[in-house]
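Engineer: File structure_19.txt follows (compact mmCIF, C-alpha atoms):
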```
# COMPACT_ATOMS: atom_id res chain seq x y z
CA MET C 75 10.55 -8.25 -7.13
CA ARG C 76 12.80 -6.03 -9.18
CA SER C 77 13.54 -2.40 -8.35
CA LYS C 78 15.31 0.58 -9.80
CA THR C 79 16.20 3.92 -8.24
CA ILE C 80 15.27 6.54 -10.81
CA GLU C 81 16.18 9.57 -8.73
CA SER C 82 18.54 9.87 -5.78
CA GLY C 83 19.33 12.57 -3.25
CA ALA C 84 16.94 14.05 -0.70
CA ASN C 85 13.84 12.94 -2.63
CA ARG C 86 14.57 9.44 -3.88
CA VAL C 87 12.18 7.86 -6.36
CA PHE C 88 11.95 4.09 -6.79
CA VAL C 89 10.09 1.89 -9.24
CA LEU C 90 9.28 -1.65 -8.08
CA ILE C 91 8.00 -4.42 -10.30
CA LEU C 92 6.24 -7.04 -8.17
CA ASP C 93 5.98 -10.51 -9.67
CA ASP C 94 3.21 -13.07 -9.91
CA GLY C 95 2.32 -14.47 -6.49
CA GLU C 96 3.95 -11.78 -4.34
CA GLU C 97 1.95 -10.41 -1.42
CA VAL C 98 1.77 -6.62 -1.78
CA PHE C 99 2.23 -5.50 1.85
CA LYS C 100 5.03 -7.96 2.52
CA ALA C 101 6.98 -6.97 -0.61
CA ILE C 102 6.61 -3.19 -0.30
CA THR C 103 7.22 -3.20 3.47
CA ALA C 104 10.40 -5.28 3.09
CA PHE C 105 11.66 -2.91 0.38
CA ALA C 106 10.86 0.21 2.45
CA ASN C 107 12.63 -1.25 5.49
CA ARG C 108 15.68 -2.24 3.42
CA GLU C 109 15.92 1.25 1.88
CA ARG C 110 15.12 2.94 5.22
CA ILE C 111 12.17 4.84 3.76
CA GLU C 112 10.49 6.77 6.57
CA GLY C 113 8.18 8.97 4.51
CA ALA C 114 6.89 8.49 0.97
CA SER C 115 3.91 8.52 -1.33
CA VAL C 116 3.00 5.33 -3.20
CA THR C 117 1.15 4.79 -6.48
CA ALA C 118 0.69 1.57 -8.45
CA ILE C 119 -1.14 -0.14 -11.28
CA GLY C 120 -1.29 -3.79 -12.30
CA ALA C 121 -3.47 -6.74 -11.33
CA PHE C 122 -4.26 -9.11 -8.46
CA SER C 123 -5.43 -12.72 -8.38
CA GLU C 124 -7.26 -11.96 -5.13
CA ALA C 125 -7.51 -9.08 -2.70
CA LYS C 126 -9.20 -7.86 0.44
CA VAL C 127 -10.16 -4.22 0.91
CA GLY C 128 -11.88 -2.68 3.88
CA TRP C 129 -14.44 -0.07 4.76
CA PHE C 130 -13.72 1.69 8.05
CA ASP C 131 -16.58 1.45 10.52
CA LEU C 132 -15.99 4.44 12.79
CA ALA C 133 -18.41 3.28 15.48
CA ALA C 134 -16.76 -0.16 15.71
CA LYS C 135 -13.22 1.25 15.22
CA THR C 136 -12.38 -1.49 12.74
CA TYR C 137 -12.29 -2.27 9.04
CA LYS C 138 -15.15 -4.32 7.62
CA PRO C 139 -13.45 -6.63 5.06
CA ILE C 140 -14.61 -6.91 1.47
CA GLY C 141 -13.11 -10.01 -0.16
CA ILE C 142 -12.38 -10.16 -3.88
CA GLY C 143 -11.73 -13.78 -4.83
CA GLU C 144 -11.13 -13.28 -8.53
CA GLN C 145 -8.68 -11.73 -10.97
CA CYS C 146 -8.98 -7.94 -10.84
CA GLU C 147 -7.30 -4.94 -12.41
CA VAL C 148 -5.63 -2.43 -10.12
CA LEU C 149 -7.21 0.72 -11.54
CA SER C 150 -5.67 2.86 -8.82
CA LEU C 151 -3.56 2.14 -5.77
CA ILE C 152 -2.41 5.14 -3.75
CA GLY C 153 -1.11 5.72 -0.27
CA ASP C 154 1.85 6.48 1.88
CA ILE C 155 4.69 5.01 3.88
CA ALA C 156 5.48 6.31 7.35
CA GLN C 157 7.48 5.04 10.30
CA GLY C 158 5.31 2.99 12.63
CA ASP C 159 5.39 2.77 16.42
CA ASP C 160 7.73 -0.24 16.09
CA GLY C 161 10.26 1.80 14.07
CA GLY C 162 9.57 -0.09 10.84
CA ALA C 163 7.79 0.93 7.66
CA SER C 164 4.01 1.36 8.04
CA LEU C 165 1.96 1.31 4.82
CA HIS C 166 -1.46 2.90 4.34
CA LEU C 167 -2.88 2.04 0.93
CA HIS C 168 -6.25 2.49 -0.78
CA ALA C 169 -7.25 0.65 -3.94
CA VAL C 170 -9.86 0.79 -6.67
CA LEU C 171 -10.10 -2.64 -8.30
CA GLY C 172 -11.88 -3.40 -11.59
CA LEU C 173 -13.71 -6.70 -12.01
CA GLN C 174 -14.41 -8.70 -15.18
CA ASP C 175 -17.93 -7.32 -15.58
CA GLY C 176 -16.71 -3.71 -15.35
CA SER C 177 -17.84 -3.17 -11.79
CA VAL C 178 -15.40 -1.90 -9.17
CA ARG C 179 -14.58 -2.55 -5.55
CA GLY C 180 -12.51 -0.23 -3.46
CA GLY C 181 -11.34 0.70 -0.02
CA HIS C 182 -8.46 0.41 2.38
CA LEU C 183 -6.16 -2.33 1.04
CA ILE C 184 -5.88 -5.11 3.62
CA SER C 185 -4.15 -7.77 1.51
CA ALA C 186 -3.53 -8.66 -2.12
CA LYS C 187 -1.69 -11.22 -4.21
CA VAL C 188 -0.11 -10.01 -7.46
CA ARG C 189 -1.02 -11.60 -10.78
CA PRO C 190 0.68 -11.13 -13.18
CA THR C 191 2.47 -7.90 -12.12
CA LEU C 192 2.24 -4.72 -10.09
CA GLU C 193 4.15 -1.58 -11.09
CA VAL C 194 4.81 0.53 -7.99
CA THR C 195 6.29 4.03 -7.78
CA ILE C 196 7.56 5.23 -4.40
CA THR C 197 8.42 8.92 -4.05
CA GLU C 198 10.26 9.68 -0.84
CA THR C 199 9.47 12.86 1.07
CA VAL C 200 12.10 15.12 2.61
CA GLU C 201 10.29 14.99 5.94
CA HIS C 202 10.15 11.72 7.82
CA LEU C 203 6.60 10.73 8.66
CA ARG C 204 5.53 8.99 11.86
CA ARG C 205 2.36 6.96 12.27
CA LYS C 206 0.90 6.76 15.78
CA LYS C 207 -1.99 4.64 17.03
CA ARG C 208 -5.01 6.73 18.01
CA SER C 209 -6.99 4.99 20.72
CA ASP C 210 -10.03 7.21 20.04
CA LEU C 211 -10.22 5.80 16.48
CA GLY C 212 -8.57 2.41 16.88
CA ILE C 213 -6.18 3.01 13.95
CA ALA C 214 -2.72 4.50 13.40
CA LEU C 215 -2.55 7.83 11.57
CA ILE C 216 0.28 10.15 10.56
CA ASN C 217 1.16 12.38 13.48
CA PHE C 218 3.16 15.58 12.85
```
Can you present the structure in this file as structure tokens?
Structural biologist:
Amino acid sequence: MRSKTIESGANRVFVLILDDGEEVFKAITAFANRERIEGASVTAIGAFSEAKVGWFDLAAKTYKPIGIGEQCEVLSLIGDIAQGDDGGASLHLHAVLGLQDGSVRGGHLISAKVRPTLEVTITETVEHLRRKKRSDLGIALINF
């Protein structure tokens, strides 16, 4: 992974270039922890060799996984970074992925492997965001 700070101060902006084979959550989380990012928006485009997205089943309080075992274009990846209950960076990302036949799959990004690249922009917020587990839903959400 390569990175560049393109704006500093209260609202830092970073561009990350993830390389072939990198796991998206691992790479972005490590970067956010290293830079002490506790609140940010995330956008990205690129491609994956494989991915898993999820659809949230409210009744079951869990994500139903949708596996994508082929090369796919990242048409849109958006989300946020907040501080989790453990004090580290907590990512919440949604993706729309384009397949070879022009169809799309989308949902909550569970995992993904980059191929050949992923261009990520992280825009830090002035306010620090905290994510807290909600037992009524079974997931962690931003809590003001």
Engineer: Show me, as lines of an AutoDock Vina configuration file, the centre and edge lengths in Å to one decimal of the axis-aligned box that covers every listed atom of segment 159-177 of chain C with 5 Å on each side.
Structural biologist:
```
center_x = -3.8
center_y = -2.9
center_z = 0.4
size_x = 38.2
size_y = 21.6
size_z = 42.0
```
Engineer: What lies within 12 Å of segment 124-135 of chain C using all atoms listed in the file, ignoring chain neighbours under 3 positions off, as JSON, numbers by chain?
Structural biologist: {"C": [94, 95, 96, 97, 98, 99, 121, 138, 139, 140, 141, 142, 143, 144, 145, 146, 147, 148, 151, 166, 167, 168, 169, 170, 171, 172, 173, 178, 179, 180, 181, 182, 183, 184, 185, 186, 187, 188, 189, 190, 207, 208, 209, 210, 211, 212, 213, 214]}
Engineer: As an exercise, work out the distance from atom CA of Val116 of chain C to atom CA of Thr103 of chain C in Å and give it to one decimal place.
Structural biologist: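 About the pair atom CA of Val116 of chain C and atom CA of Thr103 of chain C: they are 11.6 Å apart.
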Engineer: What is the atom CA of Val87 of chain C-atom CA of Glu198 of chain C distance in Å, reported with one decimal?
Structural biologist: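 So the two atoms, atom CA of Val87 of chain C and atom CA of Glu198 of chain C, lie 6.1 Å apart.
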Engineer: Would you pick out the contacts of segment 75-86 of chain C at 6 Å or less, using all atoms listed in the file, so that residues sharing its chain but fewer than 4 positions from it are not included, and give the list as a count of residues only?
Structural biologist: 7
